[in-house]
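Peer 1: Please find structure.cif (mmCIF, C-alpha atoms and all ligand atoms) on the next line:
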```
data_structure
#
loop_
_atom_site.group_PDB
_atom_site.id
_atom_site.type_symbol
_atom_site.label_atom_id
_atom_site.label_comp_id
_atom_site.auth_asym_id
_atom_site.auth_seq_id
_atom_site.Cartn_x
_atom_site.Cartn_y
_atom_site.Cartn_z
ATOM 1 C CA THR S 1 8.135 87.564 81.189
ATOM 2 C CA ARG S 2 10.428 88.757 83.951
ATOM 3 C CA PRO S 3 10.962 87.278 87.435
ATOM 4 C CA LEU S 4 9.145 90.056 89.325
ATOM 5 C CA ASP S 5 6.443 91.036 86.837
ATOM 6 C CA GLY S 6 3.351 92.186 88.741
ATOM 7 C CA ARG S 7 5.221 92.558 92.029
ATOM 8 C CA VAL S 8 5.495 95.745 94.072
ATOM 9 C CA ALA S 9 8.629 96.546 96.085
ATOM 10 C CA LEU S 10 9.533 99.232 98.630
ATOM 11 C CA VAL S 11 13.253 99.972 98.985
ATOM 12 C CA THR S 12 14.251 102.287 101.830
ATOM 13 C CA GLY S 13 17.162 104.603 101.105
ATOM 14 C CA GLY S 14 16.865 104.097 97.363
ATOM 15 C CA SER S 15 18.304 107.434 96.266
ATOM 16 C CA ARG S 16 21.969 106.407 96.266
ATOM 17 C CA GLY S 17 24.440 103.575 96.691
ATOM 18 C CA ILE S 18 23.267 100.058 97.429
ATOM 19 C CA GLY S 19 19.581 101.050 97.710
ATOM 20 C CA ALA S 20 19.572 102.722 94.298
ATOM 21 C CA ALA S 21 21.166 99.612 92.766
ATOM 22 C CA ILE S 22 18.530 97.429 94.423
ATOM 23 C CA ALA S 23 15.691 99.663 93.176
ATOM 24 C CA LEU S 24 17.058 99.600 89.614
ATOM 25 C CA ARG S 25 17.576 95.836 89.681
ATOM 26 C CA LEU S 26 14.130 94.994 91.073
ATOM 27 C CA ALA S 27 12.609 97.301 88.449
ATOM 28 C CA ALA S 28 14.654 95.629 85.693
ATOM 29 C CA ASP S 29 13.267 92.322 86.957
ATOM 30 C CA GLY S 30 9.743 93.694 86.464
ATOM 31 C CA ALA S 31 8.686 95.074 89.857
ATOM 32 C CA ALA S 32 7.018 98.435 90.415
ATOM 33 C CA VAL S 33 9.331 100.142 92.896
ATOM 34 C CA ALA S 34 8.806 102.735 95.613
ATOM 35 C CA LEU S 35 11.943 104.190 97.142
ATOM 36 C CA THR S 36 12.455 106.368 100.182
ATOM 37 C CA TYR S 37 15.057 109.017 100.830
ATOM 38 C CA GLN S 38 15.849 111.582 103.486
ATOM 39 C CA HIS S 39 17.616 114.512 101.778
ATOM 40 C CA GLY S 40 18.459 113.268 98.299
ATOM 41 C CA GLU S 41 15.413 114.438 96.377
ATOM 42 C CA ASP S 42 17.333 114.957 93.130
ATOM 43 C CA ARG S 43 19.138 111.644 93.308
ATOM 44 C CA ALA S 44 15.884 109.848 94.099
ATOM 45 C CA ALA S 45 14.215 111.547 91.142
ATOM 46 C CA GLN S 46 17.063 110.371 88.904
ATOM 47 C CA VAL S 47 16.497 106.757 89.960
ATOM 48 C CA VAL S 48 12.765 107.109 89.238
ATOM 49 C CA GLU S 49 13.578 108.692 85.880
ATOM 50 C CA ARG S 50 15.903 105.832 84.906
ATOM 51 C CA ILE S 51 13.256 103.263 85.788
ATOM 52 C CA THR S 52 10.410 105.019 83.994
ATOM 53 C CA ARG S 53 12.581 105.664 80.928
ATOM 54 C CA ASP S 54 13.016 101.902 80.673
ATOM 55 C CA GLY S 55 9.240 101.445 80.842
ATOM 56 C CA GLY S 56 9.009 100.622 84.542
ATOM 57 C CA ARG S 57 6.926 102.103 87.329
ATOM 58 C CA ALA S 58 8.597 103.926 90.204
ATOM 59 C CA TRP S 59 7.816 106.416 92.941
ATOM 60 C CA ALA S 60 10.126 108.313 95.290
ATOM 61 C CA VAL S 61 8.891 109.360 98.713
ATOM 62 C CA ARG S 62 10.690 111.450 101.312
ATOM 63 C CA ALA S 63 10.609 109.498 104.561
ATOM 64 C CA ASP S 64 13.153 109.994 107.318
ATOM 65 C CA SER S 65 13.703 106.539 108.813
ATOM 66 C CA ARG S 66 13.991 108.141 112.254
ATOM 67 C CA ASP S 67 10.396 109.365 112.027
ATOM 68 C CA PRO S 68 7.905 106.540 112.683
ATOM 69 C CA GLU S 69 5.034 108.451 111.055
ATOM 70 C CA ALA S 70 7.074 108.844 107.888
ATOM 71 C CA VAL S 71 8.028 105.154 107.876
ATOM 72 C CA TRP S 72 4.406 104.082 108.257
ATOM 73 C CA ALA S 73 3.263 106.549 105.614
ATOM 74 C CA SER S 74 5.848 105.267 103.114
ATOM 75 C CA VAL S 75 4.631 101.691 103.516
ATOM 76 C CA ALA S 76 0.944 102.606 103.307
ATOM 77 C CA GLY S 77 1.652 105.014 100.449
ATOM 78 C CA THR S 78 3.361 102.285 98.424
ATOM 79 C CA ALA S 79 0.455 99.884 98.855
ATOM 80 C CA ASP S 80 -1.985 102.674 97.980
ATOM 81 C CA ARG S 81 -0.127 103.833 94.930
ATOM 82 C CA PHE S 82 0.588 100.438 93.394
ATOM 83 C CA GLY S 83 -2.366 98.519 94.840
ATOM 84 C CA ARG S 84 -0.323 95.921 96.733
ATOM 85 C CA LEU S 85 3.008 95.256 98.414
ATOM 86 C CA ASP S 86 5.126 92.148 97.861
ATOM 87 C CA ILE S 87 8.698 93.038 98.773
ATOM 88 C CA LEU S 88 10.157 95.239 101.524
ATOM 89 C CA VAL S 89 13.877 95.964 101.396
ATOM 90 C CA ASN S 90 15.183 97.601 104.570
ATOM 91 C CA ASN S 91 18.292 99.255 103.165
ATOM 92 C CA ALA S 92 18.476 102.811 104.538
ATOM 93 C CA GLY S 93 21.184 102.991 107.137
ATOM 94 C CA VAL S 94 23.851 105.136 108.697
ATOM 95 C CA GLY S 95 27.399 104.220 109.591
ATOM 96 C CA LEU S 96 29.422 105.345 112.549
ATOM 97 C CA ILE S 97 32.927 104.074 113.119
ATOM 98 C CA GLY S 98 34.907 105.516 115.992
ATOM 99 C CA PRO S 99 36.111 104.886 119.534
ATOM 100 C CA PHE S 100 33.450 103.522 121.856
ATOM 101 C CA GLU S 101 34.214 106.167 124.480
ATOM 102 C CA GLY S 102 33.355 108.948 122.043
ATOM 103 C CA VAL S 103 29.903 107.698 121.075
ATOM 104 C CA SER S 104 27.254 110.124 122.350
ATOM 105 C CA LEU S 105 23.718 109.401 123.442
ATOM 106 C CA ALA S 106 22.523 111.273 120.367
ATOM 107 C CA ASP S 107 24.673 108.969 118.191
ATOM 108 C CA VAL S 108 23.162 105.900 119.852
ATOM 109 C CA ASP S 109 19.628 107.167 119.243
ATOM 110 C CA ARG S 110 20.285 108.205 115.656
ATOM 111 C CA VAL S 111 21.945 104.944 114.629
ATOM 112 C CA LEU S 112 19.511 102.647 116.439
ATOM 113 C CA GLN S 113 16.464 104.585 115.230
ATOM 114 C CA THR S 114 17.664 104.432 111.630
ATOM 115 C CA ASN S 115 19.235 100.979 111.478
ATOM 116 C CA VAL S 116 17.009 99.030 113.889
ATOM 117 C CA ARG S 117 13.756 100.759 114.812
ATOM 118 C CA ALA S 118 12.903 101.752 111.255
ATOM 119 C CA PRO S 119 13.334 98.231 109.803
ATOM 120 C CA PHE S 120 11.252 96.886 112.699
ATOM 121 C CA LEU S 121 8.443 99.396 112.136
ATOM 122 C CA ALA S 122 8.555 99.044 108.356
ATOM 123 C CA ALA S 123 8.352 95.244 108.614
ATOM 124 C CA GLN S 124 5.432 95.551 111.015
ATOM 125 C CA ALA S 125 3.590 97.914 108.692
ATOM 126 C CA ALA S 126 4.459 95.862 105.594
ATOM 127 C CA ALA S 127 3.263 92.611 107.185
ATOM 128 C CA ALA S 128 -0.282 93.993 107.091
ATOM 129 C CA HIS S 129 -0.056 94.176 103.283
ATOM 130 C CA LEU S 130 2.191 91.262 102.289
ATOM 131 C CA ALA S 131 0.521 88.257 100.739
ATOM 132 C CA ASP S 132 1.658 84.667 100.269
ATOM 133 C CA GLY S 133 5.032 84.874 98.518
ATOM 134 C CA GLY S 134 5.897 88.140 100.250
ATOM 135 C CA ARG S 135 9.483 89.028 101.046
ATOM 136 C CA ILE S 136 11.215 91.057 103.728
ATOM 137 C CA ILE S 137 14.915 91.550 103.039
ATOM 138 C CA SER S 138 17.147 93.641 105.284
ATOM 139 C CA ILE S 139 20.632 94.941 104.605
ATOM 140 C CA GLY S 140 22.968 94.155 107.481
ATOM 141 C CA SER S 141 26.756 94.353 107.382
ATOM 142 C CA CYS S 142 29.788 92.099 107.331
ATOM 143 C CA MET S 143 30.702 93.871 110.589
ATOM 144 C CA ALA S 144 27.891 91.917 112.250
ATOM 145 C CA GLU S 145 29.614 88.674 111.171
ATOM 146 C CA ARG S 146 33.202 89.616 111.906
ATOM 147 C CA SER S 147 34.245 92.537 114.074
ATOM 148 C CA ALA S 148 37.513 92.893 112.221
ATOM 149 C CA PHE S 149 38.765 96.197 113.596
ATOM 150 C CA PRO S 150 38.019 98.476 116.583
ATOM 151 C CA GLY S 151 35.478 101.287 116.438
ATOM 152 C CA GLY S 152 32.401 99.366 115.374
ATOM 153 C CA ALA S 153 30.557 98.976 118.680
ATOM 154 C CA LEU S 154 27.478 101.046 117.830
ATOM 155 C CA TYR S 155 27.227 100.179 114.128
ATOM 156 C CA THR S 156 27.808 96.465 114.763
ATOM 157 C CA THR S 157 25.248 96.455 117.572
ATOM 158 C CA SER S 158 22.694 97.952 115.195
ATOM 159 C CA LYS S 159 23.392 95.518 112.363
ATOM 160 C CA ALA S 160 23.534 92.449 114.636
ATOM 161 C CA ALA S 161 20.051 93.363 115.877
ATOM 162 C CA LEU S 162 18.766 92.616 112.381
ATOM 163 C CA THR S 163 19.752 88.965 112.877
ATOM 164 C CA GLY S 164 17.220 88.747 115.705
ATOM 165 C CA LEU S 165 14.548 90.537 113.717
ATOM 166 C CA THR S 166 15.143 88.315 110.682
ATOM 167 C CA LYS S 167 15.030 85.012 112.551
ATOM 168 C CA ALA S 168 12.042 85.900 114.715
ATOM 169 C CA LEU S 169 10.025 87.262 111.798
ATOM 170 C CA ALA S 170 10.879 84.223 109.668
ATOM 171 C CA ARG S 171 9.123 82.119 112.333
ATOM 172 C CA GLU S 172 6.234 84.493 112.731
ATOM 173 C CA LEU S 173 5.506 85.093 109.046
ATOM 174 C CA GLY S 174 6.503 81.674 107.691
ATOM 175 C CA PRO S 175 2.987 80.241 108.112
ATOM 176 C CA ARG S 176 1.763 83.001 105.777
ATOM 177 C CA GLY S 177 4.279 82.030 103.079
ATOM 178 C CA ILE S 178 6.366 85.152 103.661
ATOM 179 C CA THR S 179 10.153 84.841 103.793
ATOM 180 C CA VAL S 180 12.452 87.091 105.813
ATOM 181 C CA ASN S 181 16.162 87.293 105.118
ATOM 182 C CA LEU S 182 19.277 89.337 105.779
ATOM 183 C CA VAL S 183 22.037 90.269 103.341
ATOM 184 C CA HIS S 184 25.414 91.253 104.766
ATOM 185 C CA PRO S 185 27.426 93.425 102.363
ATOM 186 C CA GLY S 186 31.172 93.711 102.673
ATOM 187 C CA PRO S 187 33.013 96.867 101.644
ATOM 188 C CA ILE S 188 30.910 98.266 98.798
ATOM 189 C CA ASP S 189 31.912 101.381 96.874
ATOM 190 C CA THR S 190 29.319 104.035 97.825
ATOM 191 C CA ASP S 191 29.213 107.521 99.351
ATOM 192 C CA MET S 192 29.199 105.855 102.773
ATOM 193 C CA ASN S 193 32.303 103.807 102.067
ATOM 194 C CA PRO S 194 34.161 105.028 98.959
ATOM 195 C CA ALA S 195 36.702 102.638 97.431
ATOM 196 C CA ASP S 196 39.217 105.495 97.487
ATOM 197 C CA GLY S 197 38.505 106.400 101.110
ATOM 198 C CA GLU S 198 40.961 106.572 104.000
ATOM 199 C CA SER S 199 40.389 103.035 105.295
ATOM 200 C CA ALA S 200 39.639 101.457 101.905
ATOM 201 C CA ALA S 201 42.936 99.576 101.601
ATOM 202 C CA LEU S 202 42.507 98.161 105.100
ATOM 203 C CA GLN S 203 38.954 97.017 104.333
ATOM 204 C CA ALA S 204 39.820 95.526 100.958
ATOM 205 C CA GLY S 205 42.735 93.701 102.595
ATOM 206 C CA LEU S 206 40.372 92.082 105.081
ATOM 207 C CA THR S 207 38.382 90.403 102.290
ATOM 208 C CA ALA S 208 39.381 87.105 100.681
ATOM 209 C CA LEU S 209 39.066 88.643 97.232
ATOM 210 C CA GLY S 210 41.187 91.645 98.196
ATOM 211 C CA SER S 211 38.843 94.195 96.655
ATOM 212 C CA TYR S 212 35.703 96.275 97.066
ATOM 213 C CA GLY S 213 32.347 95.147 95.733
ATOM 214 C CA ARG S 214 29.812 97.104 93.728
ATOM 215 C CA PRO S 215 26.280 98.057 94.749
ATOM 216 C CA SER S 216 25.024 95.805 91.922
ATOM 217 C CA ASP S 217 26.691 92.803 93.619
ATOM 218 C CA VAL S 218 24.416 93.267 96.618
ATOM 219 C CA ALA S 219 21.410 93.975 94.390
ATOM 220 C CA ALA S 220 21.897 90.652 92.586
ATOM 221 C CA THR S 221 21.509 88.680 95.816
ATOM 222 C CA VAL S 222 18.532 90.761 96.905
ATOM 223 C CA ALA S 223 16.915 90.067 93.514
ATOM 224 C CA HIS S 224 17.557 86.347 93.939
ATOM 225 C CA LEU S 225 15.902 86.332 97.371
ATOM 226 C CA ALA S 226 13.020 88.461 96.091
ATOM 227 C CA GLY S 227 12.335 86.121 93.192
ATOM 228 C CA GLU S 228 11.298 82.497 92.876
ATOM 229 C CA GLY S 229 14.842 81.422 93.784
ATOM 230 C CA GLY S 230 14.233 82.665 97.309
ATOM 231 C CA ARG S 231 11.034 80.674 97.808
ATOM 232 C CA TYR S 232 12.557 78.206 100.300
ATOM 233 C CA VAL S 233 15.108 80.518 101.930
ATOM 234 C CA THR S 234 14.019 82.155 105.173
ATOM 235 C CA GLY S 235 15.592 83.332 108.400
ATOM 236 C CA ALA S 236 18.912 83.236 106.572
ATOM 237 C CA ALA S 237 21.852 85.588 106.432
ATOM 238 C CA ILE S 238 23.751 85.702 103.154
ATOM 239 C CA SER S 239 27.097 87.443 102.924
ATOM 240 C CA VAL S 240 27.980 89.409 99.799
ATOM 241 C CA ASP S 241 31.268 90.496 101.245
ATOM 242 C CA GLY S 242 34.125 89.221 99.120
ATOM 243 C CA GLY S 243 34.974 86.875 101.977
ATOM 244 C CA PHE S 244 35.334 89.552 104.671
ATOM 245 C CA ALA S 245 33.778 87.307 107.298
ATOM 246 C CA VAL S 246 35.693 84.103 106.569
HETATM 247 P P1 LIG B 301 24.900 105.550 101.381
HETATM 248 O O1 LIG B 301 25.272 106.434 102.517
HETATM 249 O O2 LIG B 301 25.691 105.607 100.131
HETATM 250 O O3 LIG B 301 23.352 105.748 101.029
HETATM 251 C C1 LIG B 301 22.445 105.734 102.114
HETATM 252 C C2 LIG B 301 21.028 105.726 101.610
HETATM 253 O O4 LIG B 301 20.167 105.627 102.742
HETATM 254 C C3 LIG B 301 20.671 106.983 100.881
HETATM 255 O O5 LIG B 301 19.697 106.671 99.918
HETATM 256 C C4 LIG B 301 20.080 107.857 101.999
HETATM 257 O O6 LIG B 301 19.148 108.813 101.544
HETATM 258 C C5 LIG B 301 19.377 106.806 102.816
HETATM 259 N N1 LIG B 301 19.205 107.216 104.205
HETATM 260 C C6 LIG B 301 20.152 107.425 105.129
HETATM 261 N N2 LIG B 301 19.595 107.819 106.284
HETATM 262 C C7 LIG B 301 18.271 107.874 106.060
HETATM 263 C C8 LIG B 301 17.148 108.239 106.841
HETATM 264 N N3 LIG B 301 17.280 108.640 108.116
HETATM 265 N N4 LIG B 301 15.925 108.167 106.290
HETATM 266 C C9 LIG B 301 15.776 107.779 105.006
HETATM 267 N N5 LIG B 301 16.783 107.437 104.210
HETATM 268 C C10 LIG B 301 18.016 107.488 104.735
HETATM 269 O O7 LIG B 301 24.937 104.065 101.997
HETATM 270 P P2 LIG B 301 25.220 102.649 101.309
HETATM 271 O O8 LIG B 301 24.510 102.516 100.037
HETATM 272 O O9 LIG B 301 26.660 102.391 101.384
HETATM 273 O O10 LIG B 301 24.551 101.699 102.409
HETATM 274 C C11 LIG B 301 23.262 101.128 102.263
HETATM 275 C C12 LIG B 301 23.074 100.103 103.369
HETATM 276 O O11 LIG B 301 24.108 99.117 103.290
HETATM 277 C C13 LIG B 301 23.169 100.694 104.781
HETATM 278 O O12 LIG B 301 22.241 100.044 105.626
HETATM 279 C C14 LIG B 301 24.589 100.357 105.194
HETATM 280 O O13 LIG B 301 24.730 100.297 106.593
HETATM 281 C C15 LIG B 301 24.770 99.012 104.526
HETATM 282 N N6 LIG B 301 26.156 98.618 104.316
HETATM 283 C C16 LIG B 301 26.985 99.329 103.486
HETATM 284 C C17 LIG B 301 28.277 98.917 103.295
HETATM 285 C C18 LIG B 301 29.242 99.628 102.411
HETATM 286 O O14 LIG B 301 30.424 99.281 102.406
HETATM 287 N N7 LIG B 301 28.821 100.607 101.624
HETATM 288 C C19 LIG B 301 28.804 97.720 103.984
HETATM 289 C C20 LIG B 301 27.859 97.039 104.795
HETATM 290 C C21 LIG B 301 26.587 97.474 104.947
HETATM 291 P P3 LIG B 301 19.582 110.333 101.148
HETATM 292 O O15 LIG B 301 20.156 110.239 99.755
HETATM 293 O O16 LIG B 301 18.316 111.096 101.184
HETATM 294 O O17 LIG B 301 20.582 110.785 102.145
#
```
Please go through the file and, once you have read it, give me the structure as structure tokens.

Peer 2:
Amino acid sequence: TRPLDGRVALVTGGSRGIGAAIALRLAADGAAVALTYQHGEDRAAQVVERITRDGGRAWAVRADSRDPEAVWASVAGTADRFGRLDILVNNAGVGLIGPFEGVSLADVDRVLQTNVRAPFLAAQAAAAHLADGGRIISIGSCMAERSAFPGGALYTTSKAALTGLTKALARELGPRGITVNLVHPGPIDTDMNPADGESAALQAGLTALGSYGRPSDVAATVAHLAGEGGRYVTGAAISVDGGFAV
């Protein structure tokens, strides 16, 4: 038997990067996995294909996090398709690093709708389905723990908001045996933040380990929280950041 046999998980932004690694890991641990994407239909299909090839159950659904109807439909669709919902992973997110003065109103709306409103709405919709032992896990950022260089005002604001959501929901859902936690990745090699990118050396240098992490590093901690090991952890923030925040 595997740690998540019989469980159903929804991972937002599961087509690429950290979300794809989380989807693959939860599936390897036995969960049936739904994953959302915005544009990456092919990449999402590849993740589903990898999971089903290994004997797992998976489903990809296009759902723009900025569209509340799509967010609600992805949650309801997961519960419909797999008959229950045990684990919500709020992973889909957008980055924006640049001078504060240059941030437009459209930027503010886009980043807050994707990184804050969508996790809020998804958690609200998921709470209607989650049973005792349910899990809500959001992906924050090491930037919310340590604002190590200029240009992060909007992104850091969005990720720090997840601390409030996590703590408040831990209180609200605790009596139902549902845990709510936050994982703060450090620099992780993905399309959003490639390890050979312009600021990669700077970012790696800000970690204690002096290097980038892999999407699977974040997925391992999410899997721990999703499984029995996370039973008594709630309202917590766990850094998987190579020591960026220390
Ligand atoms: P990527 O840009 O590599 O992948 C983003 C994923 O989110 C894709 O699956 C993308 O789907 C999806 N997505 C983006 N916007 C939307 C949207 N509006 N609706 C639905 N899906 C969307 O990002 P990472 O894997 O690097 O990041 C994942 C999470 O981790 C984010 O929340 C990010 O802020 C956070 N993070 C990342 C760090 C890093 O160094 N990489 C560090 C700290 C935090 P599609 O393929 O369709 O575009």

Peer 1: Build an axis-aligned box that encloses every atom of ligand LIG 301 (chain B) listed in the file, pad it by 3 Å on each side, and report its centre and edge lengths in Å to one decimal, as AutoDock Vina command-line options.

Peer 2:
```
--center_x 23.1 --center_y 104.1 --center_z 103.9 --size_x 20.6 --size_y 20.1 --size_z 14.4
```

Peer 1: Apply the PyMOL selection byres (((chain S and resi 227) around 12) and not hetatm) to the structure shown and report the selected residues as a compact mmCIF listing (two decimals) with C-alpha atoms, in the coordinates of the input.

Peer 2:
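Saved result, result-v4.txt, follows:
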```txt
# COMPACT_ATOMS: atom_id res chain seq x y z
CA ARG S 2 10.43 88.76 83.95
CA PRO S 3 10.96 87.28 87.44
CA LEU S 4 9.14 90.06 89.32
CA ASP S 5 6.44 91.04 86.84
CA GLY S 6 3.35 92.19 88.74
CA ARG S 7 5.22 92.56 92.03
CA VAL S 8 5.50 95.74 94.07
CA ALA S 9 8.63 96.55 96.08
CA ARG S 25 17.58 95.84 89.68
CA LEU S 26 14.13 94.99 91.07
CA ASP S 29 13.27 92.32 86.96
CA GLY S 30 9.74 93.69 86.46
CA ALA S 31 8.69 95.07 89.86
CA ASP S 86 5.13 92.15 97.86
CA ILE S 87 8.70 93.04 98.77
CA GLY S 133 5.03 84.87 98.52
CA GLY S 134 5.90 88.14 100.25
CA ARG S 135 9.48 89.03 101.05
CA ILE S 136 11.22 91.06 103.73
CA ILE S 137 14.92 91.55 103.04
CA THR S 179 10.15 84.84 103.79
CA ALA S 220 21.90 90.65 92.59
CA THR S 221 21.51 88.68 95.82
CA VAL S 222 18.53 90.76 96.90
CA ALA S 223 16.92 90.07 93.51
CA HIS S 224 17.56 86.35 93.94
CA LEU S 225 15.90 86.33 97.37
CA ALA S 226 13.02 88.46 96.09
CA GLU S 228 11.30 82.50 92.88
CA GLY S 229 14.84 81.42 93.78
CA GLY S 230 14.23 82.66 97.31
CA ARG S 231 11.03 80.67 97.81
CA TYR S 232 12.56 78.21 100.30
CA VAL S 233 15.11 80.52 101.93
```

Peer 1: S:Arg176, S:Arg117, S:Arg57, S:Arg62: which is nearest ligand LIG 301 (chain B), counting all atoms listed in the file?

Peer 2: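 Ranked by minimum distance to ligand LIG 301 (chain B), first place goes to S:Arg62.
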
Peer 1: Which protein, DNA or RNA residues have an atom within 8 Å of ligand LIG 301 (chain B), counting all atoms listed in the file, as a PyMOL selection string?

Peer 2: chain S and resi 12-20+36-41+43-44+62-67+90-95+114-115+139-143+155+159+184-194+215

Peer 1: Let's have the selection written as a PDB file, in the frame of the given file, with C-alpha atoms.

Peer 2:
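Saved as result-v3.pdb:
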```pdb
ATOM      1  CA  THR S  12      14.251 102.287 101.830  1.00  0.00           C
ATOM      2  CA  GLY S  13      17.162 104.603 101.105  1.00  0.00           C
ATOM      3  CA  GLY S  14      16.865 104.097  97.363  1.00  0.00           C
ATOM      4  CA  SER S  15      18.304 107.434  96.266  1.00  0.00           C
ATOM      5  CA  ARG S  16      21.969 106.407  96.266  1.00  0.00           C
ATOM      6  CA  GLY S  17      24.440 103.575  96.691  1.00  0.00           C
ATOM      7  CA  ILE S  18      23.267 100.058  97.429  1.00  0.00           C
ATOM      8  CA  GLY S  19      19.581 101.050  97.710  1.00  0.00           C
ATOM      9  CA  ALA S  20      19.572 102.722  94.298  1.00  0.00           C
ATOM     10  CA  THR S  36      12.455 106.368 100.182  1.00  0.00           C
ATOM     11  CA  TYR S  37      15.057 109.017 100.830  1.00  0.00           C
ATOM     12  CA  GLN S  38      15.849 111.582 103.486  1.00  0.00           C
ATOM     13  CA  HIS S  39      17.616 114.512 101.778  1.00  0.00           C
ATOM     14  CA  GLY S  40      18.459 113.268  98.299  1.00  0.00           C
ATOM     15  CA  GLU S  41      15.413 114.438  96.377  1.00  0.00           C
ATOM     16  CA  ARG S  43      19.138 111.644  93.308  1.00  0.00           C
ATOM     17  CA  ALA S  44      15.884 109.848  94.099  1.00  0.00           C
ATOM     18  CA  ARG S  62      10.690 111.450 101.312  1.00  0.00           C
ATOM     19  CA  ALA S  63      10.609 109.498 104.561  1.00  0.00           C
ATOM     20  CA  ASP S  64      13.153 109.994 107.318  1.00  0.00           C
ATOM     21  CA  SER S  65      13.703 106.539 108.813  1.00  0.00           C
ATOM     22  CA  ARG S  66      13.991 108.141 112.254  1.00  0.00           C
ATOM     23  CA  ASP S  67      10.396 109.365 112.027  1.00  0.00           C
ATOM     24  CA  ASN S  90      15.183  97.601 104.570  1.00  0.00           C
ATOM     25  CA  ASN S  91      18.292  99.255 103.165  1.00  0.00           C
ATOM     26  CA  ALA S  92      18.476 102.811 104.538  1.00  0.00           C
ATOM     27  CA  GLY S  93      21.184 102.991 107.137  1.00  0.00           C
ATOM     28  CA  VAL S  94      23.851 105.136 108.697  1.00  0.00           C
ATOM     29  CA  GLY S  95      27.399 104.220 109.591  1.00  0.00           C
ATOM     30  CA  THR S 114      17.664 104.432 111.630  1.00  0.00           C
ATOM     31  CA  ASN S 115      19.235 100.979 111.478  1.00  0.00           C
ATOM     32  CA  ILE S 139      20.632  94.941 104.605  1.00  0.00           C
ATOM     33  CA  GLY S 140      22.968  94.155 107.481  1.00  0.00           C
ATOM     34  CA  SER S 141      26.756  94.353 107.382  1.00  0.00           C
ATOM     35  CA  CYS S 142      29.788  92.099 107.331  1.00  0.00           C
ATOM     36  CA  MET S 143      30.702  93.871 110.589  1.00  0.00           C
ATOM     37  CA  TYR S 155      27.227 100.179 114.128  1.00  0.00           C
ATOM     38  CA  LYS S 159      23.392  95.518 112.363  1.00  0.00           C
ATOM     39  CA  HIS S 184      25.414  91.253 104.766  1.00  0.00           C
ATOM     40  CA  PRO S 185      27.426  93.425 102.363  1.00  0.00           C
ATOM     41  CA  GLY S 186      31.172  93.711 102.673  1.00  0.00           C
ATOM     42  CA  PRO S 187      33.013  96.867 101.644  1.00  0.00           C
ATOM     43  CA  ILE S 188      30.910  98.266  98.798  1.00  0.00           C
ATOM     44  CA  ASP S 189      31.912 101.381  96.874  1.00  0.00           C
ATOM     45  CA  THR S 190      29.319 104.035  97.825  1.00  0.00           C
ATOM     46  CA  ASP S 191      29.213 107.521  99.351  1.00  0.00           C
ATOM     47  CA  MET S 192      29.199 105.855 102.773  1.00  0.00           C
ATOM     48  CA  ASN S 193      32.303 103.807 102.067  1.00  0.00           C
ATOM     49  CA  PRO S 194      34.161 105.028  98.959  1.00  0.00           C
ATOM     50  CA  PRO S 215      26.280  98.057  94.749  1.00  0.00           C
TER      51      PRO S 215
END
```

Peer 1: Can you tell me how far CA of Ala127 in chain S sits from CA of Gly77 in chain S, in Å to one decimal?

Peer 2: 14.2 Å

Peer 1: Pick out the residues sitting within 9 Å of Ala208 in chain S, and hand them over as a list in words; count only C-alpha atoms, and ignore anything fewer than 6 positions along from it in its own chain.

Peer 2: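 My list of contacting residues is Asp241, Gly242, Gly243, Phe244, Ala245 and Val246 of chain S.
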
Peer 1: Can you write just those residues out, C-alpha atoms, as a compact mmCIF listing (two decimals), keeping the file's coordinate frame?

Peer 2:
```
# COMPACT_ATOMS: atom_id res chain seq x y z
CA ASP S 241 31.27 90.50 101.24
CA GLY S 242 34.12 89.22 99.12
CA GLY S 243 34.97 86.88 101.98
CA PHE S 244 35.33 89.55 104.67
CA ALA S 245 33.78 87.31 107.30
CA VAL S 246 35.69 84.10 106.57
```

Peer 1: As a check of understanding, name the residues that the PyMOL selection byres (((chain S and resi 149) around 10) and not hetatm) selects in the supplied structure, as a list in words.

Peer 2: Ile97, Met143, Arg146, Ser147, Ala148, Pro150, Gly151, Gly152, Leu202, Gln203 and Leu206 of chain S

Peer 1: Quick one: distance from CA of Ser74 in chain S to CA of Leu88 in chain S in Å, one decimal?

Peer 2: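 Straight-line distance from CA of Ser74 in chain S to CA of Leu88 in chain S works out to 11.0 Å.
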
Peer 1: Using all atoms listed in the file, which of the listed residues (S:Ala123, S:Ala60, S:Leu85, S:Ala27) sits closest to Val180 in chain S?

Peer 2: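 Looking only at the distances to Val180 in chain S, the closest residue turns out to be S:Ala123.
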
Peer 1: I need the residue set behind the PyMOL selection byres (((chain S and resi 76) around 12) and not hetatm) for this file; please write it as a VMD selection string.

Peer 2: chain S and resid 10 34 61 63 69 to 75 77 to 85 88 122 to 130

Peer 1: Complete the atom set of range 164-168 of chain S to N, CA and C atoms and return it as a CSV table (one decimal), in the frame of the given file.

Peer 2:
```csv
chain,number,residue,atom,x,y,z
S,164,GLY,N,18.4,89.1,114.9
S,164,GLY,CA,17.2,88.7,115.7
S,164,GLY,C,15.9,89.0,115.0
S,165,LEU,N,15.8,90.2,114.4
S,165,LEU,CA,14.5,90.5,113.7
S,165,LEU,C,14.3,89.5,112.6
S,166,THR,N,15.3,89.2,111.8
S,166,THR,CA,15.1,88.3,110.7
S,166,THR,C,14.7,86.9,111.1
S,167,LYS,N,15.4,86.4,112.1
S,167,LYS,CA,15.0,85.0,112.6
S,167,LYS,C,13.6,85.0,113.2
S,168,ALA,N,13.3,85.9,114.0
S,168,ALA,CA,12.0,85.9,114.7
S,168,ALA,C,10.9,86.1,113.7
```
